[in-house]
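Here is input06.txt, consisting of compact mmCIF, C-alpha atoms:
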```
# COMPACT_ATOMS: atom_id res chain seq x y z
CA MET V 620 -23.69 12.20 47.43
CA THR V 621 -23.09 14.40 44.42
CA GLY V 622 -22.56 18.10 44.04
CA SER V 623 -26.33 18.54 43.67
CA GLU V 624 -26.41 19.08 47.43
CA ALA V 625 -25.30 22.68 46.82
CA SER V 626 -28.62 23.52 45.15
CA PRO V 627 -31.05 20.64 45.81
CA SER V 628 -34.23 20.22 43.84
CA PHE V 629 -36.77 17.45 43.33
CA ARG V 630 -38.48 16.49 40.08
CA LEU V 631 -41.74 14.58 40.31
CA ALA V 632 -43.25 12.89 37.26
CA TYR V 633 -46.93 11.99 37.07
CA VAL V 634 -49.17 10.28 34.54
CA PRO V 635 -52.51 11.73 33.33
CA GLY V 636 -55.28 11.47 35.88
CA VAL V 637 -53.05 11.67 38.96
CA THR V 638 -53.43 14.86 41.00
CA PRO V 639 -50.31 15.37 43.15
CA THR V 640 -51.46 18.70 44.62
CA LYS V 641 -51.83 17.47 48.21
CA TRP V 642 -48.35 15.93 48.36
CA VAL V 643 -46.74 18.95 46.69
CA ARG V 644 -48.32 21.24 49.27
CA ILE V 645 -46.93 19.16 52.15
CA TRP V 646 -43.50 19.10 50.48
CA ASN V 647 -43.46 22.90 50.20
CA GLU V 648 -44.40 23.21 53.87
CA ARG V 649 -41.71 20.81 55.08
CA LEU V 650 -38.90 21.58 52.64
CA PRO V 651 -39.43 25.20 51.55
CA ASP V 652 -35.79 25.50 50.45
CA VAL V 653 -36.01 22.54 48.03
CA PRO V 654 -38.11 23.42 44.95
CA LEU V 655 -40.31 20.65 43.57
CA THR V 656 -40.87 20.56 39.81
CA LEU V 657 -43.78 18.62 38.31
CA VAL V 658 -43.16 16.68 35.08
CA ALA V 659 -46.27 15.54 33.20
CA VAL V 660 -45.56 12.41 31.13
CA SER V 661 -47.58 9.75 29.34
CA PRO V 662 -47.92 6.24 30.81
CA ALA V 663 -45.78 4.88 27.97
CA GLU V 664 -42.92 7.30 28.68
CA VAL V 665 -42.87 7.59 32.46
CA PHE V 666 -40.58 4.63 33.17
CA ASP V 667 -37.98 5.79 30.65
CA VAL V 668 -38.12 9.27 32.17
CA LEU V 669 -37.32 7.81 35.59
CA ARG V 670 -34.47 5.68 34.24
CA ASP V 671 -32.94 8.53 32.24
CA GLY V 672 -32.92 10.90 35.21
CA GLY V 673 -35.68 13.13 33.90
CA ALA V 674 -37.41 12.79 37.28
CA ASP V 675 -36.38 11.66 40.75
CA ALA V 676 -39.66 9.82 41.36
CA GLY V 677 -43.05 9.54 39.73
CA PHE V 678 -46.68 8.58 40.14
CA VAL V 679 -47.27 5.66 37.77
CA ARG V 680 -49.85 3.01 37.05
CA LEU V 681 -48.98 -0.55 37.96
CA PRO V 682 -47.48 -2.85 36.88
CA VAL V 683 -44.01 -1.27 37.04
CA ASP V 684 -41.90 -1.84 33.95
CA GLY V 685 -38.69 -3.60 35.04
CA ALA V 686 -36.99 -4.83 38.21
CA ASP V 687 -34.69 -1.80 38.40
CA LEU V 688 -37.54 0.42 39.61
CA SER V 689 -38.92 0.40 43.13
CA ALA V 690 -42.61 1.05 43.72
CA ILE V 691 -45.00 1.64 46.60
CA PRO V 692 -48.68 0.93 45.75
CA LEU V 693 -50.87 3.80 46.95
CA TYR V 694 -54.49 3.33 45.91
CA THR V 695 -56.85 1.64 43.45
CA GLU V 696 -58.94 3.79 41.12
CA THR V 697 -62.64 3.34 40.45
CA THR V 698 -63.39 2.09 36.94
CA VAL V 699 -66.17 3.91 35.07
CA VAL V 700 -67.85 3.83 31.69
CA VAL V 701 -68.09 7.12 29.78
CA VAL V 702 -71.38 7.58 27.91
CA PRO V 703 -73.42 10.37 26.26
CA LYS V 704 -75.76 12.07 28.70
CA ASP V 705 -78.82 10.75 26.86
CA HIS V 706 -77.59 7.13 26.93
CA VAL V 707 -79.63 4.56 28.87
CA VAL V 708 -76.65 3.91 31.17
CA ALA V 709 -76.90 7.51 32.40
CA ALA V 710 -80.22 6.64 34.04
CA VAL V 711 -78.68 4.19 36.55
CA ASP V 712 -76.17 4.57 39.39
CA GLU V 713 -73.90 1.67 38.42
CA VAL V 714 -73.57 -1.00 35.74
CA SER V 715 -71.73 -4.31 35.42
CA SER V 716 -69.51 -5.48 32.59
CA GLU V 717 -72.33 -7.81 31.50
CA ASP V 718 -74.62 -4.80 31.04
CA LEU V 719 -72.22 -3.57 28.32
CA ALA V 720 -72.18 -6.84 26.37
CA ASP V 721 -74.16 -5.41 23.43
CA GLU V 722 -72.41 -2.03 23.39
CA ILE V 723 -69.42 -1.02 21.25
CA VAL V 724 -66.68 -0.31 23.77
CA LEU V 725 -63.65 1.58 22.49
CA HIS V 726 -60.14 0.34 23.33
CA PRO V 727 -57.56 3.12 22.77
CA LEU V 728 -53.92 2.24 22.15
CA ASP V 729 -52.87 4.12 25.30
CA ASP V 730 -55.34 2.16 27.43
CA THR V 731 -54.38 2.26 31.13
CA LEU V 732 -56.35 -0.78 32.29
CA ASP V 733 -54.46 -4.05 32.41
CA TRP V 734 -56.66 -6.22 30.21
CA GLU V 735 -56.47 -7.81 26.80
CA GLN V 736 -60.05 -7.13 25.80
CA PRO V 737 -62.53 -4.65 27.32
CA PRO V 738 -66.18 -5.68 27.77
CA GLY V 739 -68.73 -5.27 25.00
CA ARG V 740 -68.15 -5.44 21.26
CA PRO V 741 -64.90 -4.08 19.80
CA ALA V 742 -64.88 -1.19 17.33
CA TYR V 743 -63.44 -1.65 13.84
CA GLU V 744 -60.37 0.38 14.77
CA ARG V 745 -58.67 1.24 18.03
CA PRO V 746 -58.38 5.00 18.71
CA ALA V 747 -54.82 6.24 19.10
CA THR V 748 -55.40 7.96 22.42
CA THR V 749 -57.93 8.21 25.23
CA ALA V 750 -58.66 11.78 24.12
CA ASP V 751 -59.56 10.47 20.64
CA ALA V 752 -61.82 7.85 22.19
CA ILE V 753 -63.64 10.54 24.18
CA GLU V 754 -64.37 12.39 20.94
CA LEU V 755 -65.81 9.20 19.46
CA VAL V 756 -68.04 8.68 22.50
CA ALA V 757 -69.35 12.22 22.06
CA ALA V 758 -70.04 11.42 18.40
CA GLY V 759 -72.11 8.38 19.40
CA VAL V 760 -69.68 5.82 17.99
CA GLY V 761 -69.24 3.82 21.20
CA LEU V 762 -68.56 3.84 24.93
CA LEU V 763 -65.28 4.01 26.84
CA VAL V 764 -64.22 2.23 30.03
CA VAL V 765 -61.46 4.08 31.90
CA PRO V 766 -60.28 4.94 35.42
CA GLN V 767 -62.47 7.62 36.98
CA SER V 768 -59.55 10.06 37.10
CA LEU V 769 -59.29 10.01 33.30
CA ALA V 770 -63.03 10.47 32.92
CA ARG V 771 -62.72 13.61 35.05
CA LEU V 772 -59.65 14.77 33.16
CA HIS V 773 -61.50 14.56 29.82
CA HIS V 774 -64.79 15.93 31.15
CA ARG V 775 -67.28 17.26 28.61
CA LYS V 776 -70.71 18.79 29.19
CA ASP V 777 -72.34 16.35 26.79
CA LEU V 778 -70.85 13.27 28.46
CA THR V 779 -71.19 11.59 31.84
CA TYR V 780 -69.87 8.43 33.47
CA ARG V 781 -71.02 5.68 35.81
CA PRO V 782 -69.08 3.14 37.92
CA VAL V 783 -68.80 -0.26 36.26
CA SER V 784 -68.14 -3.48 38.19
CA GLY V 785 -66.54 -6.71 37.03
CA THR V 786 -63.80 -5.02 35.02
CA ALA V 787 -60.08 -4.39 35.34
CA GLU V 788 -58.88 -1.72 37.76
CA SER V 789 -56.02 0.75 37.69
CA ARG V 790 -53.63 0.99 40.64
CA ILE V 791 -51.49 4.06 41.29
CA ALA V 792 -48.00 3.74 42.78
CA LEU V 793 -45.01 5.91 43.60
CA SER V 794 -41.96 4.66 41.69
CA TRP V 795 -38.28 5.61 41.48
CA PRO V 796 -34.98 4.05 40.32
CA GLU V 797 -33.85 1.59 42.97
CA ASP V 798 -30.20 2.66 42.74
CA ARG V 799 -31.13 6.33 43.27
CA THR V 800 -32.99 6.19 46.55
CA THR V 801 -31.75 9.56 47.75
CA ASP V 802 -32.59 11.40 50.96
CA LEU V 803 -35.05 13.56 49.03
CA VAL V 804 -36.76 10.46 47.67
CA GLU V 805 -37.01 9.17 51.24
CA ASP V 806 -38.54 12.50 52.24
CA PHE V 807 -41.20 12.21 49.54
CA ILE V 808 -41.91 8.57 50.44
CA GLY V 809 -42.57 9.72 53.98
CA ILE V 810 -45.01 12.34 52.73
CA VAL V 811 -47.08 9.99 50.57
CA ARG V 812 -47.15 7.43 53.40
CA GLY V 813 -48.50 10.02 55.79
CA ARG V 814 -45.53 10.19 58.10
CA THR V 815 -45.26 13.17 60.39
CA VAL V 816 -42.31 15.53 60.40
CA ASN V 817 -40.77 13.86 63.46
CA SER V 818 -41.30 10.24 62.40
CA SER V 819 -38.50 8.02 61.07
CA ARG V 820 -38.06 8.27 57.29
CA GLY V 821 -35.64 5.41 56.74
CA ARG V 822 -32.58 7.65 56.39
CA THR V 823 -29.83 7.76 58.97
CA GLN V 824 -30.78 10.20 61.69
CA SER V 825 -29.08 11.21 64.89
CA GLN V 826 -30.87 9.70 67.86
CA PRO V 827 -31.65 12.01 70.80
CA GLU V 828 -29.69 11.31 73.93
CA PRO V 829 -31.74 9.65 76.68
CA LYS V 830 -32.88 11.93 79.44
CA SER V 831 -30.59 11.60 82.43
CA LYS V 832 -31.91 11.47 85.95
CA ARG V 833 -31.25 14.43 88.20
CA PRO V 834 -27.75 14.00 89.63
CA GLU V 835 -27.71 13.10 93.26
CA ALA V 836 -25.13 14.15 95.79
CA GLY V 837 -22.52 11.49 96.20
CA GLY V 838 -23.59 9.55 93.10
CA ALA V 839 -26.11 6.77 93.73
CA ARG V 840 -28.98 7.42 96.12
CA ARG V 841 -28.10 6.58 99.71
CA LYS V 842 -30.29 4.54 101.95
CA PRO V 843 -31.14 6.30 105.23
CA ALA V 844 -28.72 5.34 107.95
CA ALA V 845 -30.16 3.18 110.72
CA LYS V 846 -30.96 5.16 113.84
CA SER V 847 -28.66 4.41 116.74
CA GLY V 848 -28.27 5.39 120.33
CA GLY V 849 -25.44 7.69 119.41
CA GLY V 850 -27.89 10.08 117.74
CA ALA V 851 -25.95 10.01 114.41
CA SER V 852 -27.32 12.51 111.89
CA THR V 853 -29.16 11.08 108.88
CA GLY V 854 -29.25 14.35 106.99
CA ARG V 855 -32.98 14.76 107.59
CA GLY V 856 -32.91 17.57 110.17
CA PRO V 857 -32.07 18.14 113.81
CA ARG V 858 -35.10 16.33 115.33
CA SER V 859 -33.71 12.84 114.98
CA GLY V 860 -33.34 12.55 118.74
CA SER V 861 -31.69 14.29 121.62
CA GLY V 862 -31.07 11.61 124.21
CA GLY V 863 -30.29 8.08 123.08
CA ALA V 864 -32.32 5.46 121.21
CA LYS V 865 -35.44 5.79 123.35
CA GLY V 866 -35.31 9.54 123.27
CA GLY V 867 -34.85 9.45 119.53
CA ALA V 868 -37.96 7.34 119.06
CA LYS V 869 -40.07 9.64 121.18
CA GLY V 870 -38.57 12.65 119.48
CA SER V 871 -39.59 11.32 116.10
CA LYS V 872 -43.23 11.10 117.20
CA ARG V 873 -43.13 14.54 118.78
CA GLY V 874 -43.72 17.56 116.57
CA LYS V 875 -46.67 16.31 114.45
CA PRO V 876 -49.21 16.57 117.30
CA ARG V 877 -48.73 20.36 117.36
CA ARG V 878 -51.96 20.71 115.40
CA ARG V 879 -53.96 19.37 118.34
CA SER V 880 -53.13 22.33 120.57
```
I'd like the structure from this file rewritten - as structure tokens, please.
Amino acid sequence: MTGSEASPSFRLAYVPGVTPTKWVRIWNERLPDVPLTLVAVSPAEVFDVLRDGGADAGFVRLPVDGADLSAIPLYTETTVVVVPKDHVVAAVDEVSSEDLADEIVLHPLDDTLDWEQPPGRPAYERPATTADAIELVAAGVGLLVVPQSLARLHHRKDLTYRPVSGTAESRIALSWPEDRTTDLVEDFIGIVRGRTVNSSRGRTQSQPEPKSKRPEAGGARRKPAAKSGGGASTGRGPRSGSGGAKGGAKGSKRGKPRRRS
């Protein structure tokens, strides 16, 4: 480990649309002495930020760029189409990609869906960003198909969105440089996977010693000694017999019947 152990900190990158609030809250509860810093980055920059040490881990959209980065898929986002509130699509609960065949569907250069061509008819030019495409939708130029998280991020009062089936989907993953899987990274992996505080997190941990049985006098437990005519003591009390084998047998049955008197 490096000298960073003297003042540990954790930097978490995330792409637009991801809301890491829940995981940050759990981190602060479990590791209050290790500050977590959020780093907002674009999808095009996030992998370079991880490689260059600008963040210890990050929420990214799959696929991961390069074999030097590890990734844990977390969830798949719902794909929606963003439309003006007075558009015919706003009157239904859900549409399919075929329903958009006659519509102009914008395809921004920072598109986060893994497809070559979105449904519908292409616009003359591709908007530079998703934010630019949202402005064009509001102007009535076309529609936009994006993950639901981005539709929420760019919410406008004059726009709405509906789920669309038969299209590409965006998958969110936690990623980090494979050669920098630190203890803090393992801690955050445990949080996003829902592990409890006491569960194993993959790092080396001291195992609790097994509970030992109550020590017995003389070591191992002794079997009771066989009763003999000599009236040898078995350690169970003085009533083991007072007059030979027969007397011992009768003596063992005597005593309990006191309740009958």
May I ask for the distance between atom CA of V:His706 and atom CA of V:Ile753, given in Å to one decimal place?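 These two atoms are separated by 14.6 Å.
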Compile the contact shell of V:Asp684 as a ChimeraX atom specification: residues with an atom at most 12 Å away, counting only C-alpha atoms, same-chain residues fewer than 2 positions apart removed. /V:662-670,679-682,686-690,794-796
So which residues touch V:Val711 within 12 Å, counting all atoms listed in the file, skipping near sequence neighbours fewer than 2 positions away, as a CSV table (one decimal) with C-alpha atoms, keeping the file's coordinate frame?
```csv
chain,number,residue,atom,x,y,z
V,700,VAL,CA,-67.8,3.8,31.7
V,702,VAL,CA,-71.4,7.6,27.9
V,704,LYS,CA,-75.8,12.1,28.7
V,705,ASP,CA,-78.8,10.8,26.9
V,706,HIS,CA,-77.6,7.1,26.9
V,707,VAL,CA,-79.6,4.6,28.9
V,708,VAL,CA,-76.6,3.9,31.2
V,709,ALA,CA,-76.9,7.5,32.4
V,713,GLU,CA,-73.9,1.7,38.4
V,714,VAL,CA,-73.6,-1.0,35.7
V,715,SER,CA,-71.7,-4.3,35.4
V,718,ASP,CA,-74.6,-4.8,31.0
V,779,THR,CA,-71.2,11.6,31.8
V,780,TYR,CA,-69.9,8.4,33.5
V,781,ARG,CA,-71.0,5.7,35.8
V,782,PRO,CA,-69.1,3.1,37.9
V,783,VAL,CA,-68.8,-0.3,36.3
```
Counting all atoms listed in the file, write as number ranges by chain all protein and nucleic acid residues lying at most 12 Å from (-60.6, 15.7, 23.9) in the file's frame. V: 748-758, 769-776, 778
Top pick for closest residue to V:Gly761, considering V:Glu744, V:Asp730, V:Glu797, V:Glu722 and counting only C-alpha atoms: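 Ranking V:Glu744, V:Asp730, V:Glu797, V:Glu722 by distance to V:Gly761, first place goes to V:Glu722.
Taking atom CA of V:Ile791 and atom CA of V:Val637 as endpoints, the distance between them is 8.1 Å.
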For the atom pair atom CA of V:Asp652 and atom CA of V:Gly636, what is the interatomic distance in Å to one decimal place?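 Calculated distance between atom CA of V:Asp652 and atom CA of V:Gly636 is 28.1 Å.
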All residues 7 Å or closer to V:Glu788, all atoms listed in the file, same chain fewer than 5 positions away omitted, as a PyMOL selection string: chain V and resi 695-698+732
Excluding V:Arg644 and its own-chain neighbours fewer than 3 positions away, which residues fall within 12 Å of it when counting only C-alpha atoms? Please give them as number ranges by chain. V: 638-641, 647-651, 654-655, 807, 810-811
Of the listed residues V:Val683, V:Glu717, V:Glu735, V:Gly813, that which approaches V:Arg790 most closely, counting only C-alpha atoms: V:Val683
Could N, CA, C and O atoms be built for stretch 732-756 of chain V and written out as an mmCIF file, keeping the file's coordinate frame?
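The result, written out as selection-v3.cif:
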```
data_model
loop_
_atom_site.group_PDB
_atom_site.id
_atom_site.type_symbol
_atom_site.label_atom_id
_atom_site.label_comp_id
_atom_site.auth_asym_id
_atom_site.auth_seq_id
_atom_site.Cartn_x
_atom_site.Cartn_y
_atom_site.Cartn_z
ATOM 1 N N LEU V 732 -55.848 0.365 31.537
ATOM 2 C CA LEU V 732 -56.350 -0.780 32.290
ATOM 3 C C LEU V 732 -55.657 -2.056 31.791
ATOM 4 O O LEU V 732 -55.483 -2.253 30.596
ATOM 5 N N ASP V 733 -55.269 -2.876 32.730
ATOM 6 C CA ASP V 733 -54.460 -4.050 32.410
ATOM 7 C C ASP V 733 -55.371 -5.206 31.971
ATOM 8 O O ASP V 733 -55.641 -6.135 32.716
ATOM 9 N N TRP V 734 -55.851 -5.122 30.746
ATOM 10 C CA TRP V 734 -56.660 -6.220 30.210
ATOM 11 C C TRP V 734 -56.392 -6.385 28.718
ATOM 12 O O TRP V 734 -55.902 -5.482 28.044
ATOM 13 N N GLU V 735 -56.680 -7.543 28.227
ATOM 14 C CA GLU V 735 -56.470 -7.810 26.800
ATOM 15 C C GLU V 735 -57.661 -7.352 25.972
ATOM 16 O O GLU V 735 -57.509 -6.913 24.835
ATOM 17 N N GLN V 736 -58.850 -7.467 26.537
ATOM 18 C CA GLN V 736 -60.050 -7.130 25.800
ATOM 19 C C GLN V 736 -61.068 -6.488 26.740
ATOM 20 O O GLN V 736 -61.458 -7.092 27.735
ATOM 21 N N PRO V 737 -61.496 -5.267 26.475
ATOM 22 C CA PRO V 737 -62.530 -4.650 27.320
ATOM 23 C C PRO V 737 -63.874 -5.336 27.105
ATOM 24 O O PRO V 737 -64.048 -6.113 26.152
ATOM 25 N N PRO V 738 -64.853 -5.077 27.957
ATOM 26 C CA PRO V 738 -66.180 -5.680 27.770
ATOM 27 C C PRO V 738 -66.865 -5.120 26.531
ATOM 28 O O PRO V 738 -66.408 -4.150 25.924
ATOM 29 N N GLY V 739 -67.963 -5.735 26.143
ATOM 30 C CA GLY V 739 -68.730 -5.270 25.000
ATOM 31 C C GLY V 739 -68.152 -5.736 23.666
ATOM 32 O O GLY V 739 -67.291 -6.613 23.608
ATOM 33 N N ARG V 740 -68.613 -5.103 22.606
ATOM 34 C CA ARG V 740 -68.150 -5.440 21.260
ATOM 35 C C ARG V 740 -67.055 -4.478 20.832
ATOM 36 O O ARG V 740 -67.165 -3.276 21.062
ATOM 37 N N PRO V 741 -65.991 -4.966 20.209
ATOM 38 C CA PRO V 741 -64.900 -4.080 19.800
ATOM 39 C C PRO V 741 -65.289 -3.230 18.591
ATOM 40 O O PRO V 741 -66.100 -3.647 17.747
ATOM 41 N N ALA V 742 -64.696 -2.052 18.503
ATOM 42 C CA ALA V 742 -64.880 -1.190 17.330
ATOM 43 C C ALA V 742 -64.004 -1.700 16.202
ATOM 44 O O ALA V 742 -63.130 -2.545 16.395
ATOM 45 N N TYR V 743 -64.233 -1.211 14.991
ATOM 46 C CA TYR V 743 -63.440 -1.650 13.840
ATOM 47 C C TYR V 743 -61.978 -1.254 13.995
ATOM 48 O O TYR V 743 -61.080 -1.988 13.586
ATOM 49 N N GLU V 744 -61.734 -0.095 14.584
ATOM 50 C CA GLU V 744 -60.370 0.380 14.770
ATOM 51 C C GLU V 744 -60.195 0.859 16.213
ATOM 52 O O GLU V 744 -61.140 1.341 16.836
ATOM 53 N N ARG V 745 -58.972 0.749 16.693
ATOM 54 C CA ARG V 745 -58.670 1.240 18.030
ATOM 55 C C ARG V 745 -58.220 2.707 17.935
ATOM 56 O O ARG V 745 -57.322 3.034 17.151
ATOM 57 N N PRO V 746 -58.828 3.592 18.698
ATOM 58 C CA PRO V 746 -58.380 5.000 18.710
ATOM 59 C C PRO V 746 -56.934 5.087 19.194
ATOM 60 O O PRO V 746 -56.480 4.268 19.994
ATOM 61 N N ALA V 747 -56.224 6.093 18.722
ATOM 62 C CA ALA V 747 -54.820 6.240 19.100
ATOM 63 C C ALA V 747 -54.658 6.620 20.561
ATOM 64 O O ALA V 747 -53.749 6.138 21.241
ATOM 65 N N THR V 748 -55.530 7.470 21.053
ATOM 66 C CA THR V 748 -55.400 7.960 22.420
ATOM 67 C C THR V 748 -56.755 7.948 23.125
ATOM 68 O O THR V 748 -57.811 7.842 22.484
ATOM 69 N N THR V 749 -56.696 8.104 24.459
ATOM 70 C CA THR V 749 -57.930 8.210 25.230
ATOM 71 C C THR V 749 -58.709 9.457 24.834
ATOM 72 O O THR V 749 -59.940 9.446 24.779
ATOM 73 N N ALA V 750 -57.985 10.547 24.551
ATOM 74 C CA ALA V 750 -58.660 11.780 24.120
ATOM 75 C C ALA V 750 -59.437 11.550 22.828
ATOM 76 O O ALA V 750 -60.559 12.054 22.667
ATOM 77 N N ASP V 751 -58.857 10.788 21.888
ATOM 78 C CA ASP V 751 -59.560 10.470 20.640
ATOM 79 C C ASP V 751 -60.800 9.633 20.925
ATOM 80 O O ASP V 751 -61.858 9.815 20.298
ATOM 81 N N ALA V 752 -60.681 8.704 21.858
ATOM 82 C CA ALA V 752 -61.820 7.850 22.190
ATOM 83 C C ALA V 752 -62.958 8.668 22.802
ATOM 84 O O ALA V 752 -64.137 8.406 22.532
ATOM 85 N N ILE V 753 -62.615 9.659 23.597
ATOM 86 C CA ILE V 753 -63.640 10.540 24.180
ATOM 87 C C ILE V 753 -64.410 11.252 23.078
ATOM 88 O O ILE V 753 -65.648 11.393 23.137
ATOM 89 N N GLU V 754 -63.707 11.718 22.067
ATOM 90 C CA GLU V 754 -64.370 12.390 20.940
ATOM 91 C C GLU V 754 -65.333 11.441 20.242
ATOM 92 O O GLU V 754 -66.430 11.842 19.821
ATOM 93 N N LEU V 755 -64.938 10.177 20.107
ATOM 94 C CA LEU V 755 -65.810 9.200 19.460
ATOM 95 C C LEU V 755 -67.046 8.896 20.305
ATOM 96 O O LEU V 755 -68.141 8.688 19.774
ATOM 97 N N VAL V 756 -66.880 8.880 21.622
ATOM 98 C CA VAL V 756 -68.040 8.680 22.500
ATOM 99 C C VAL V 756 -69.021 9.841 22.314
ATOM 100 O O VAL V 756 -70.235 9.646 22.214
#
```
